[in-house]
$ cat start26.cif   # mmCIF, C-alpha atoms and all ligand atoms
data_upload
#
loop_
_atom_site.label_atom_id
_atom_site.label_comp_id
_atom_site.auth_asym_id
_atom_site.auth_seq_id
_atom_site.Cartn_x
_atom_site.Cartn_y
_atom_site.Cartn_z
CA MET A 1 3.18 27.50 7.28
CA ARG A 2 3.71 24.02 5.83
CA ALA A 3 2.66 23.52 2.23
CA ARG A 4 -0.41 21.38 1.67
CA ASP A 5 -0.01 17.99 0.00
CA GLU A 6 -1.31 19.16 -3.40
CA THR A 7 1.17 21.99 -3.40
CA ILE A 8 4.06 19.71 -2.41
CA THR A 9 3.37 17.21 -5.21
CA CYS A 10 2.92 19.90 -7.85
CA SER A 11 5.85 22.11 -6.94
CA ILE A 12 8.80 19.78 -6.19
CA GLY A 13 11.44 20.33 -8.88
CA ILE A 14 9.28 22.73 -10.90
CA ASP A 15 11.30 25.53 -12.51
CA ASP A 16 14.47 24.44 -10.68
CA ASP A 17 16.56 23.87 -13.83
CA ARG A 18 19.39 26.35 -14.01
CA ALA A 19 20.72 25.19 -17.41
CA PHE A 20 17.67 25.88 -19.65
CA GLY A 21 14.84 26.90 -17.35
CA ALA A 22 12.96 23.63 -17.98
CA VAL A 23 9.66 23.88 -16.10
CA THR A 24 9.40 20.13 -15.44
CA PRO A 25 12.63 18.67 -14.06
CA PRO A 26 15.00 16.86 -16.44
CA ILE A 27 16.13 13.26 -15.72
CA TYR A 28 19.71 12.80 -14.59
CA LEU A 29 20.54 9.32 -15.81
CA SER A 30 24.30 9.74 -15.48
CA ALA A 31 25.97 7.07 -13.36
CA ASN A 32 28.80 9.40 -12.34
CA TYR A 33 29.60 13.10 -11.90
CA SER A 34 32.86 14.89 -12.59
CA PHE A 35 34.91 16.57 -9.91
CA ALA A 36 35.07 20.34 -10.39
CA ALA A 37 38.82 20.05 -9.79
CA PHE A 38 41.33 17.97 -7.84
CA ARG A 39 39.91 17.44 -4.32
CA GLU A 40 36.79 19.38 -5.33
CA PRO A 41 33.81 17.03 -5.49
CA ARG A 42 30.42 18.39 -6.51
CA ALA A 43 27.10 17.67 -4.79
CA TYR A 44 26.97 14.23 -6.45
CA ASP A 45 29.71 11.80 -7.41
CA TYR A 46 28.06 8.42 -8.10
CA THR A 47 24.39 7.53 -8.63
CA ARG A 48 24.23 4.57 -6.24
CA SER A 49 25.11 6.99 -3.42
CA GLY A 50 23.12 9.96 -4.63
CA ASN A 51 21.25 11.19 -7.69
CA PRO A 52 19.45 14.53 -8.23
CA THR A 53 16.34 12.96 -9.81
CA ARG A 54 15.99 10.36 -7.05
CA ASP A 55 16.56 13.08 -4.45
CA GLN A 56 13.63 15.09 -5.82
CA LEU A 57 11.33 12.10 -5.29
CA ALA A 58 12.80 11.48 -1.80
CA ASP A 59 12.27 15.13 -0.93
CA ALA A 60 8.62 14.98 -2.03
CA LEU A 61 7.97 11.78 -0.04
CA ALA A 62 9.68 13.11 3.11
CA LYS A 63 7.56 16.26 2.93
CA LEU A 64 4.30 14.35 2.29
CA GLU A 65 4.92 12.02 5.25
CA ARG A 66 6.28 14.90 7.43
CA GLY A 67 9.54 13.00 7.94
CA ALA A 68 13.14 14.14 8.40
CA GLY A 69 14.33 12.27 5.32
CA ALA A 70 13.46 9.57 2.79
CA ILE A 71 15.37 6.86 0.98
CA VAL A 72 14.07 5.75 -2.41
CA THR A 73 14.68 2.05 -3.11
CA ALA A 74 14.31 -0.30 -6.06
CA SER A 75 11.15 -2.01 -4.73
CA GLY A 76 8.78 -2.04 -1.81
CA MET A 77 10.45 -5.20 -0.54
CA SER A 78 13.90 -3.60 -0.56
CA ALA A 79 12.39 -0.75 1.49
CA VAL A 80 11.03 -3.30 4.00
CA HIS A 81 14.43 -4.99 4.11
CA LEU A 82 16.20 -1.67 4.57
CA VAL A 83 14.24 -0.98 7.77
CA LEU A 84 14.91 -4.54 8.98
CA SER A 85 18.65 -3.92 8.46
CA LEU A 86 18.51 -1.71 11.58
CA VAL A 87 17.45 -4.69 13.73
CA PRO A 88 20.44 -6.08 15.69
CA CYS A 89 21.26 -9.74 15.17
CA GLY A 90 18.85 -11.98 17.07
CA ALA A 91 16.54 -9.17 18.21
CA LEU A 92 12.77 -9.59 18.09
CA VAL A 93 10.42 -8.11 15.48
CA VAL A 94 6.67 -8.18 16.12
CA ALA A 95 4.58 -8.16 12.94
CA PRO A 96 0.89 -8.55 12.05
CA HIS A 97 -0.19 -12.15 11.40
CA ASP A 98 -1.92 -10.96 8.23
CA CYS A 99 0.85 -8.68 6.88
CA TYR A 100 1.72 -8.41 3.18
CA GLY A 101 2.80 -11.85 1.89
CA GLY A 102 6.25 -10.66 0.78
CA THR A 103 6.90 -9.09 4.18
CA TRP A 104 5.71 -12.25 5.90
CA ARG A 105 8.07 -14.36 3.74
CA LEU A 106 11.05 -12.03 4.34
CA LEU A 107 10.53 -11.94 8.14
CA HIS A 108 10.02 -15.69 8.21
CA SER A 109 13.16 -16.35 6.13
CA LEU A 110 15.35 -14.01 8.19
CA ALA A 111 14.12 -15.73 11.35
CA GLU A 112 14.76 -19.17 9.86
CA ARG A 113 18.37 -18.14 9.26
CA LYS A 114 18.53 -16.89 12.87
CA LEU A 115 19.27 -13.30 11.81
CA ILE A 116 16.26 -12.02 13.75
CA GLU A 117 13.44 -13.41 15.84
CA VAL A 118 9.90 -12.82 14.72
CA ALA A 119 6.54 -13.02 16.48
CA PHE A 120 3.39 -12.71 14.37
CA ALA A 121 0.38 -11.33 16.26
CA ASP A 122 -3.05 -9.86 15.67
CA LEU A 123 -2.23 -6.17 16.16
CA THR A 124 -5.86 -5.10 15.82
CA ASN A 125 -6.45 -6.64 19.27
CA PRO A 126 -5.02 -4.66 22.25
CA GLU A 127 -4.59 -7.83 24.33
CA THR A 128 -2.45 -9.66 21.79
CA VAL A 129 -0.46 -6.43 21.30
CA SER A 130 0.28 -6.33 25.04
CA ARG A 131 1.33 -9.96 25.07
CA ALA A 132 3.63 -9.52 22.07
CA LEU A 133 5.20 -6.35 23.50
CA ALA A 134 5.88 -8.03 26.83
CA ARG A 135 8.57 -9.94 24.91
CA ARG A 136 10.41 -6.62 24.43
CA PRO A 137 10.80 -6.43 20.66
CA PHE A 138 13.29 -4.10 18.97
CA LEU A 139 10.78 -3.26 16.23
CA VAL A 140 7.01 -3.43 15.79
CA TRP A 141 5.74 -3.68 12.23
CA VAL A 142 2.28 -2.28 11.49
CA GLU A 143 0.14 -2.50 8.38
CA THR A 144 -3.18 -0.69 8.46
CA PRO A 145 -5.69 -1.19 6.92
CA SER A 146 -4.80 -4.86 6.52
CA ASN A 147 -4.81 -6.77 3.27
CA PRO A 148 -7.35 -7.98 2.14
CA LEU A 149 -9.82 -7.65 5.05
CA MET A 150 -9.29 -3.92 5.65
CA ARG A 151 -8.93 -4.34 9.42
CA LEU A 152 -7.59 -1.33 11.25
CA THR A 153 -4.76 -1.12 13.76
CA ASP A 154 -4.73 1.84 16.16
CA ILE A 155 -1.32 3.35 15.36
CA ARG A 156 -1.30 5.75 18.34
CA GLN A 157 -2.07 2.91 20.73
CA VAL A 158 0.65 0.61 19.33
CA VAL A 159 3.14 3.51 19.44
CA ALA A 160 2.31 4.26 23.10
CA ARG A 161 2.81 0.63 24.10
CA ALA A 162 5.97 0.27 21.98
CA GLU A 163 7.45 3.38 23.60
CA SER A 164 6.92 1.86 27.04
CA VAL A 165 9.24 -1.04 26.08
CA ASN A 166 11.59 1.12 23.99
CA ALA A 167 10.62 -0.51 20.69
CA LEU A 168 10.68 1.29 17.35
CA VAL A 169 7.54 1.31 15.17
CA ALA A 170 7.44 1.02 11.39
CA VAL A 171 4.19 1.41 9.45
CA ASP A 172 3.69 0.08 5.93
CA ASN A 173 1.51 2.89 4.53
CA THR A 174 1.18 1.47 1.01
CA PHE A 175 -2.61 0.91 1.15
CA LEU A 176 -3.53 4.51 1.98
CA SER A 177 -0.59 6.67 0.85
CA PRO A 178 0.47 9.78 2.79
CA ILE A 179 -2.53 11.60 1.38
CA LEU A 180 -4.89 9.54 3.54
CA GLN A 181 -2.69 8.61 6.52
CA LYS A 182 0.46 10.12 8.08
CA PRO A 183 1.81 7.56 10.58
CA LEU A 184 4.79 9.72 11.60
CA LEU A 185 2.34 12.32 12.94
CA LEU A 186 0.82 9.51 15.04
CA GLY A 187 4.22 8.76 16.57
CA ALA A 188 5.69 6.06 14.30
CA ASP A 189 9.45 6.08 13.64
CA PHE A 190 9.38 4.85 10.05
CA VAL A 191 6.97 4.71 7.14
CA VAL A 192 7.51 2.19 4.37
CA HIS A 193 5.95 2.34 0.91
CA SER A 194 5.72 0.19 -2.12
CA THR A 195 5.72 3.20 -4.49
CA THR A 196 4.61 0.68 -7.12
CA LYS A 197 1.06 1.24 -5.84
CA TYR A 198 -0.67 4.59 -5.14
CA LEU A 199 2.41 6.83 -5.15
CA ASN A 200 3.36 6.09 -8.75
CA GLY A 201 -0.24 5.17 -9.44
CA HIS A 202 0.08 4.02 -13.04
CA SER A 203 1.22 0.39 -12.65
CA ASP A 204 4.36 0.94 -14.71
CA VAL A 205 7.15 1.14 -12.11
CA VAL A 206 8.24 -1.14 -9.27
CA GLY A 207 9.77 0.89 -6.46
CA GLY A 208 9.83 1.58 -2.75
CA ALA A 209 10.70 4.14 -0.10
CA VAL A 210 11.43 4.48 3.60
CA ILE A 211 10.68 7.75 5.37
CA ALA A 212 12.18 8.30 8.83
CA ALA A 213 10.87 10.63 11.53
CA LYS A 214 14.37 11.34 12.89
CA ARG A 215 17.31 12.69 10.93
CA GLU A 216 19.75 10.23 12.53
CA HIS A 217 17.63 7.28 11.37
CA ALA A 218 17.35 8.75 7.86
CA GLU A 219 21.15 9.11 7.71
CA GLN A 220 21.70 5.57 8.99
CA LEU A 221 19.28 4.18 6.39
CA ALA A 222 20.80 6.22 3.55
CA SER A 223 24.24 4.98 4.44
CA TRP A 224 23.07 1.36 4.58
CA ALA A 225 21.18 1.75 1.27
CA ASN A 226 24.41 2.95 -0.31
CA CYS A 227 26.36 0.04 1.23
CA THR A 228 24.00 -2.59 -0.12
CA GLY A 229 23.08 -0.75 -3.32
CA VAL A 230 19.29 -0.94 -2.96
CA THR A 231 18.73 2.65 -4.08
CA GLY A 232 16.23 3.09 -6.92
CA ALA A 233 17.01 3.87 -10.56
CA PRO A 234 16.78 7.55 -11.64
CA PHE A 235 14.39 6.81 -14.51
CA ASP A 236 12.03 5.00 -12.12
CA ALA A 237 12.26 7.93 -9.70
CA TRP A 238 11.41 10.37 -12.50
CA LEU A 239 8.38 8.32 -13.58
CA THR A 240 7.24 7.96 -9.97
CA LEU A 241 7.53 11.71 -9.36
CA ARG A 242 5.50 12.27 -12.54
CA GLY A 243 2.80 9.90 -11.22
CA LEU A 244 2.95 11.43 -7.75
CA ARG A 245 1.97 14.88 -9.03
CA THR A 246 -1.66 13.81 -9.45
CA ILE A 247 -1.99 11.61 -6.37
CA THR A 248 -4.28 13.93 -4.40
CA VAL A 249 -6.94 14.02 -7.13
CA ARG A 250 -6.48 10.32 -7.92
CA VAL A 251 -7.04 9.07 -4.38
CA SER A 252 -9.98 11.33 -3.71
CA ARG A 253 -11.82 10.13 -6.83
CA GLN A 254 -10.87 6.50 -6.17
CA GLU A 255 -12.25 6.81 -2.64
CA GLN A 256 -15.49 8.41 -3.84
CA THR A 257 -16.05 5.55 -6.30
CA ALA A 258 -14.99 2.90 -3.75
CA LEU A 259 -17.63 4.16 -1.32
CA ALA A 260 -20.34 3.98 -4.01
CA ILE A 261 -19.28 0.44 -4.88
CA ALA A 262 -19.14 -0.62 -1.22
CA ARG A 263 -22.69 0.71 -0.71
CA PHE A 264 -23.92 -1.09 -3.82
CA LEU A 265 -22.33 -4.39 -2.74
CA ASP A 266 -23.56 -3.96 0.83
CA ARG A 267 -27.17 -3.89 -0.41
CA HIS A 268 -26.76 -6.80 -2.83
CA PRO A 269 -28.52 -10.03 -1.73
CA ARG A 270 -25.72 -12.27 -3.06
CA VAL A 271 -23.01 -10.46 -1.09
CA ARG A 272 -22.47 -11.81 2.43
CA ILE A 273 -20.28 -9.05 3.79
CA VAL A 274 -18.35 -6.03 2.57
CA HIS A 275 -15.07 -4.99 4.19
CA TYR A 276 -14.69 -1.24 3.73
CA PRO A 277 -14.01 1.13 6.66
CA GLY A 278 -15.96 3.85 4.84
CA LEU A 279 -19.23 2.02 5.59
CA GLU A 280 -20.79 3.24 8.86
CA SER A 281 -21.46 -0.40 9.78
CA ASP A 282 -17.78 -1.41 9.39
CA PRO A 283 -16.01 -2.23 12.70
CA GLY A 284 -13.10 0.03 11.66
CA HIS A 285 -15.24 3.05 10.77
CA ALA A 286 -14.72 5.11 13.94
CA LEU A 287 -10.98 4.48 14.11
CA ALA A 288 -10.61 5.20 10.40
CA LYS A 289 -12.26 8.57 10.91
CA GLN A 290 -9.86 9.26 13.75
CA GLN A 291 -6.51 8.28 12.28
CA GLN A 292 -7.06 8.53 8.51
CA TYR A 293 -7.95 11.46 6.26
CA GLY A 294 -10.13 9.21 4.11
CA PHE A 295 -11.13 5.59 3.57
CA GLY A 296 -9.14 4.79 0.43
CA GLY A 297 -9.82 2.89 -2.76
CA MET A 298 -9.47 -0.73 -1.58
CA LEU A 299 -12.26 -3.01 -0.45
CA SER A 300 -13.13 -6.67 -0.31
CA PHE A 301 -16.37 -8.61 -0.21
CA GLU A 302 -17.51 -12.14 0.31
CA VAL A 303 -19.81 -14.32 -1.74
CA GLU A 304 -20.99 -17.88 -1.01
CA ASP A 305 -17.99 -19.93 -2.11
CA GLU A 306 -15.13 -20.28 -4.59
CA ALA A 307 -17.49 -21.22 -7.44
CA ALA A 308 -19.46 -18.01 -6.96
CA ALA A 309 -16.24 -15.97 -6.78
CA GLU A 310 -15.00 -17.63 -9.98
CA ALA A 311 -18.30 -16.96 -11.79
CA ILE A 312 -18.07 -13.27 -10.88
CA VAL A 313 -14.43 -12.96 -11.93
CA ASN A 314 -15.19 -14.65 -15.26
CA ALA A 315 -18.12 -12.33 -15.92
CA LEU A 316 -16.39 -9.03 -15.06
CA LYS A 317 -15.47 -6.98 -18.13
CA VAL A 318 -14.16 -3.67 -16.77
CA PHE A 319 -12.27 -5.10 -13.76
CA THR A 320 -9.06 -6.96 -14.67
CA LEU A 321 -8.07 -10.11 -12.76
CA ALA A 322 -4.64 -9.17 -11.42
CA GLU A 323 -2.56 -8.60 -8.29
CA SER A 324 -1.20 -5.20 -7.23
CA LEU A 325 -3.24 -2.06 -6.55
CA GLY A 326 -3.32 1.71 -6.65
CA GLY A 327 -3.32 2.20 -10.43
CA VAL A 328 -5.81 4.02 -12.65
CA GLU A 329 -7.29 0.66 -13.70
CA SER A 330 -9.70 -1.27 -11.49
CA LEU A 331 -8.62 -4.76 -10.52
CA VAL A 332 -10.21 -7.80 -8.95
CA CYS A 333 -8.19 -10.38 -7.05
CA HIS A 334 -9.08 -13.70 -5.43
CA PRO A 335 -6.77 -13.63 -2.37
CA ALA A 336 -7.10 -17.34 -1.53
CA THR A 337 -5.61 -18.40 -4.89
CA MET A 338 -3.53 -15.30 -5.69
CA THR A 339 -1.98 -12.89 -3.14
CA HIS A 340 -2.46 -15.25 -0.19
CA ALA A 341 -2.02 -18.60 -1.94
CA CYS A 342 1.26 -19.29 -0.10
CA LEU A 343 -0.50 -19.39 3.29
CA THR A 344 -1.65 -22.73 4.63
CA ASP A 345 -5.42 -23.32 4.74
CA GLU A 346 -5.29 -23.00 8.54
CA ALA A 347 -3.34 -19.73 8.42
CA ARG A 348 -5.79 -18.32 5.86
CA SER A 349 -8.86 -19.23 7.86
CA ALA A 350 -7.18 -17.96 11.06
CA CYS A 351 -6.95 -14.51 9.52
CA GLY A 352 -10.42 -14.79 7.94
CA ILE A 353 -9.63 -15.17 4.24
CA THR A 354 -12.33 -17.41 2.80
CA GLN A 355 -12.61 -19.02 -0.66
CA GLY A 356 -15.50 -16.69 -1.47
CA LEU A 357 -13.55 -13.50 -0.77
CA LEU A 358 -12.78 -11.07 -3.61
CA ARG A 359 -10.61 -7.95 -3.27
CA LEU A 360 -11.19 -4.88 -5.42
CA THR A 361 -8.83 -2.03 -6.14
CA ILE A 362 -10.77 0.89 -7.54
CA GLY A 363 -9.32 2.87 -10.42
CA LEU A 364 -10.46 5.99 -12.22
CA GLU A 365 -13.09 4.58 -14.59
CA ALA A 366 -16.61 6.01 -14.42
CA GLU A 367 -18.38 4.94 -11.24
CA TRP A 368 -21.42 3.84 -13.20
CA ASP A 369 -19.39 1.52 -15.46
CA LEU A 370 -17.80 -0.16 -12.44
CA VAL A 371 -21.07 -0.57 -10.52
CA GLY A 372 -22.74 -1.81 -13.73
CA ASP A 373 -19.95 -4.31 -14.30
CA LEU A 374 -20.34 -5.73 -10.78
CA ALA A 375 -24.14 -5.77 -11.11
CA GLN A 376 -24.06 -7.81 -14.33
CA ALA A 377 -21.40 -10.16 -12.93
CA LEU A 378 -23.37 -10.76 -9.72
CA SER A 379 -26.53 -11.38 -11.72
CA ARG A 380 -24.76 -14.42 -13.24
CA LEU A 381 -25.02 -16.09 -9.85
CA ASP A 382 -28.80 -16.10 -10.17
CA GLU A 383 -28.49 -17.30 -13.74
CA GLU A 384 -26.41 -20.26 -12.56
CA GLN A 385 -29.02 -21.15 -10.01
CA HIS A 386 -31.97 -20.64 -12.36
CA PRO A 387 -30.48 -20.94 -15.86
CA ILE A 388 -33.77 -21.11 -17.76
CA LEU A 389 -35.43 -18.19 -16.01
CA ALA A 390 -32.33 -16.09 -16.42
CA ARG A 391 -32.11 -16.81 -20.14
CA LYS A 392 -35.75 -15.85 -20.59
CA PHE A 393 -35.11 -12.63 -18.71
CA ASP A 394 -32.07 -11.88 -20.88
CA ALA A 395 -34.09 -12.50 -24.04
CA ARG A 396 -36.79 -10.08 -22.88
CA ALA A 397 -34.25 -7.45 -21.96
CA THR A 398 -32.52 -7.57 -25.33
CA GLY A 399 -35.80 -7.92 -27.25
CA THR A 400 -34.80 -11.12 -29.04
C1 LIG B 501 3.17 -4.46 -2.93
C2 LIG B 501 3.40 -4.31 -1.48
C3 LIG B 501 4.67 -4.46 -0.91
C4 LIG B 501 5.88 -4.88 -1.72
O1 LIG B 501 6.22 -3.93 -2.68
P1 LIG B 501 6.94 -4.27 -4.09
O2 LIG B 501 7.03 -2.94 -4.73
O3 LIG B 501 6.06 -5.24 -4.81
O4 LIG B 501 8.27 -4.86 -3.77
C5 LIG B 501 4.80 -4.26 0.46
N1 LIG B 501 3.74 -3.94 1.23
C6 LIG B 501 2.50 -3.80 0.72
C7 LIG B 501 1.36 -3.45 1.63
C8 LIG B 501 2.29 -3.98 -0.64
O5 LIG B 501 1.04 -3.86 -1.14
#
$ encode --input "start26.cif" --output "structure tokens"
Amino acid sequence: MRARDETITCSIGIDDDRAFGAVTPPIYLSANYSFAAFREPRAYDYTRSGNPTRDQLADALAKLERGAGAIVTASGMSAVHLVLSLVPCGALVVAPHDCYGGTWRLLHSLAERKLIEVAFADLTNPETVSRALARRPFLVWVETPSNPLMRLTDIRQVVARAESVNALVAVDNTFLSPILQKPLLLGADFVVHSTTKYLNGHSDVVGGAVIAAKREHAEQLASWANCTGVTGAPFDAWLTLRGLRTITVRVSRQEQTALAIARFLDRHPRVRIVHYPGLESDPGHALAKQQQYGFGGMLSFEVEDEAAAEAIVNALKVFTLAESLGGVESLVCHPATMTHACLTDEARSACGITQGLLRLTIGLEAEWDLVGDLAQALSRLDEEQHPILARKFDARATGT
């Protein structure tokens, strides 16, 4: 029987130390390893090629994603680039029109230099998927749920269509983590992670990983990672493995709180729409229940305009205004001026990112403190419309 995720994260490397019986694994920072004797190399010779600490993290990630092997890289972007290194010169990559900004920039830049061809398409729509796949891509890139509108792509359906034209499928699983979605079990060939986010979970390491379904792909990727030197640092791998041990409890609490916040926002008169697949009314709800093991800790919501979004951001005390996600601290982000600022106005409105949209990443603070923080921030909108009334109300509430 396969171990469950909690058991994988809590047992990798535990009590494996043969030197002193250390219960938690030591860090092997050494750049190089001695030969036992002339012509007798040991398991490791040089840390760019292989490192015991990094291998423990890779082993954990491969097991969590149910892959044949994993390569741990220095960042999420180097993991994305590592998968793209398999694409033959001039071949076509199909990617979501609303993919992660860094991925969009990398694909765009590689295409500009004629190293690959790229076609951006709305992969949540079966018709545009068919049209894009008719061009016979080498690789289809999937990101689900999307950032920041939490739109879902049907991984099984994309895989079935990709198989019919012999295309490989890579899924960026950063938003959900392997705890809540296992794309390789849905037929994908590769999973990519920015381990910076949920996997490390403490916002103190930048890192990435690629997990391959097939051993031959894992070997090809490992060899290429060694060639180009994108493998991650041992200390980062050790910290990430330390963070990973608690991921199952972290994501389940974050999801529980996210659902409470989504329900609160959904009922709020100043909120136009909430994007969270955990809400029964969300267009992605049924598919999320089918292909995910949970709804995750990310959501976004829309208020009237940029001024309203700014007023909320300025009033929030528990949420920090910052990019990134997946840490223990709750964050608020204004996609139009932050994560998605590099898009043109037309491109932003084409994928539905308005000036009044705010994205939340839910941390591990008390649910009540987070809901309360949003409630007081949203109440400022009424204060701005009716400043005198609101001040009177405040005075009554505080008894002054
Ligand atoms: C952050 C992120 C990346 C890039 O990862 P880095 O670790 O910042 O290089 C890629 N994809 C998604 C979905 C991300 O959120």
$ residues_near_ligand --input "start26.cif" --ligand "ligand LIG 501 (chain B)" --cutoff "6 Å" --atoms "only C-alpha atoms and all ligand atoms" --output "compact mmCIF listing (two decimals) with C-alpha atoms, in the coordinates of the input"
# COMPACT_ATOMS: atom_id res chain seq x y z
CA SER A 75 11.15 -2.01 -4.73
CA GLY A 76 8.78 -2.04 -1.81
CA MET A 77 10.45 -5.20 -0.54
CA TYR A 100 1.72 -8.41 3.18
CA THR A 174 1.18 1.47 1.01
CA PHE A 175 -2.61 0.91 1.15
CA SER A 194 5.72 0.19 -2.12
CA THR A 196 4.61 0.68 -7.12
CA VAL A 206 8.24 -1.14 -9.27
CA GLY A 207 9.77 0.89 -6.46
CA GLY A 208 9.83 1.58 -2.75
$ atom_distance --input "start26.cif" --atom1 "CA of Ser85 in chain A" --atom2 "CA of Arg215 in chain A"
16.8 Å
$ residues_around --input "start26.cif" --residues "range 231-238 of chain A" --least-positions-apart "3" --cutoff "9 Å" --atoms "all atoms listed in the file" --output "ChimeraX atom specification"
/A:25-30,47-58,71-75,78,205-209,222,225-226,228,241-243
$ closest_residue --input "start26.cif" --among "A:Thr344, A:Gln256, A:Gln292, A:Thr339" --to "Ile155 in chain A" --atoms "all atoms listed in the file"
A:Gln292
$ atom_distance --input "start26.cif" --atom1 "CA of Ala212 in chain A" --atom2 "CA of Gly67 in chain A"
5.5 Å
$ closest_residue --input "start26.cif" --among "A:Asp382, A:Glu219, A:Asp98, A:Asp282" --to "Leu86 in chain A" --atoms "only C-alpha atoms"
A:Glu219
$ closest_residue --input "start26.cif" --among "A:Ala350, A:Ala366, A:Leu168, A:Ile8" --to "His217 in chain A" --atoms "only C-alpha atoms"
A:Leu168
$ closest_residue --input "start26.cif" --among "A:Ala121, A:Leu61, A:Ala111, A:Leu84" --to "Lys182 in chain A" --atoms "only C-alpha atoms"
A:Leu61
$ closest_residue --input "start26.cif" --among "A:Met298, A:Tyr33, A:Gly363, A:His268" --to "Gln376 in chain A" --atoms "all atoms listed in the file"
A:His268
$ closest_residue --input "start26.cif" --among "A:Ala341, A:Leu358, A:Val118, A:Leu299" --to "Ile312 in chain A" --atoms "all atoms listed in the file"
A:Leu358
$ atom_distance --input "start26.cif" --atom1 "CA of Lys197 in chain A" --atom2 "CA of Ala167 in chain A"
28.3 Å
$ residues_around --input "start26.cif" --residues "Arg253 in chain A" --least-positions-apart "2" --cutoff "12 Å" --atoms "only C-alpha atoms" --output "compact mmCIF listing (two decimals) with C-alpha atoms, in the coordinates of the input"
# COMPACT_ATOMS: atom_id res chain seq x y z
CA THR A 246 -1.66 13.81 -9.45
CA ILE A 247 -1.99 11.61 -6.37
CA THR A 248 -4.28 13.93 -4.40
CA VAL A 249 -6.94 14.02 -7.13
CA ARG A 250 -6.48 10.32 -7.92
CA VAL A 251 -7.04 9.07 -4.38
CA GLU A 255 -12.25 6.81 -2.64
CA GLN A 256 -15.49 8.41 -3.84
CA THR A 257 -16.05 5.55 -6.30
CA ALA A 258 -14.99 2.90 -3.75
CA LEU A 259 -17.63 4.16 -1.32
CA ALA A 260 -20.34 3.98 -4.01
CA GLY A 294 -10.13 9.21 4.11
CA PHE A 295 -11.13 5.59 3.57
CA GLY A 296 -9.14 4.79 0.43
CA GLY A 297 -9.82 2.89 -2.76
CA GLY A 326 -3.32 1.71 -6.65
CA VAL A 328 -5.81 4.02 -12.65
CA ILE A 362 -10.77 0.89 -7.54
CA GLY A 363 -9.32 2.87 -10.42
CA LEU A 364 -10.46 5.99 -12.22
CA GLU A 365 -13.09 4.58 -14.59
CA ALA A 366 -16.61 6.01 -14.42
CA GLU A 367 -18.38 4.94 -11.24
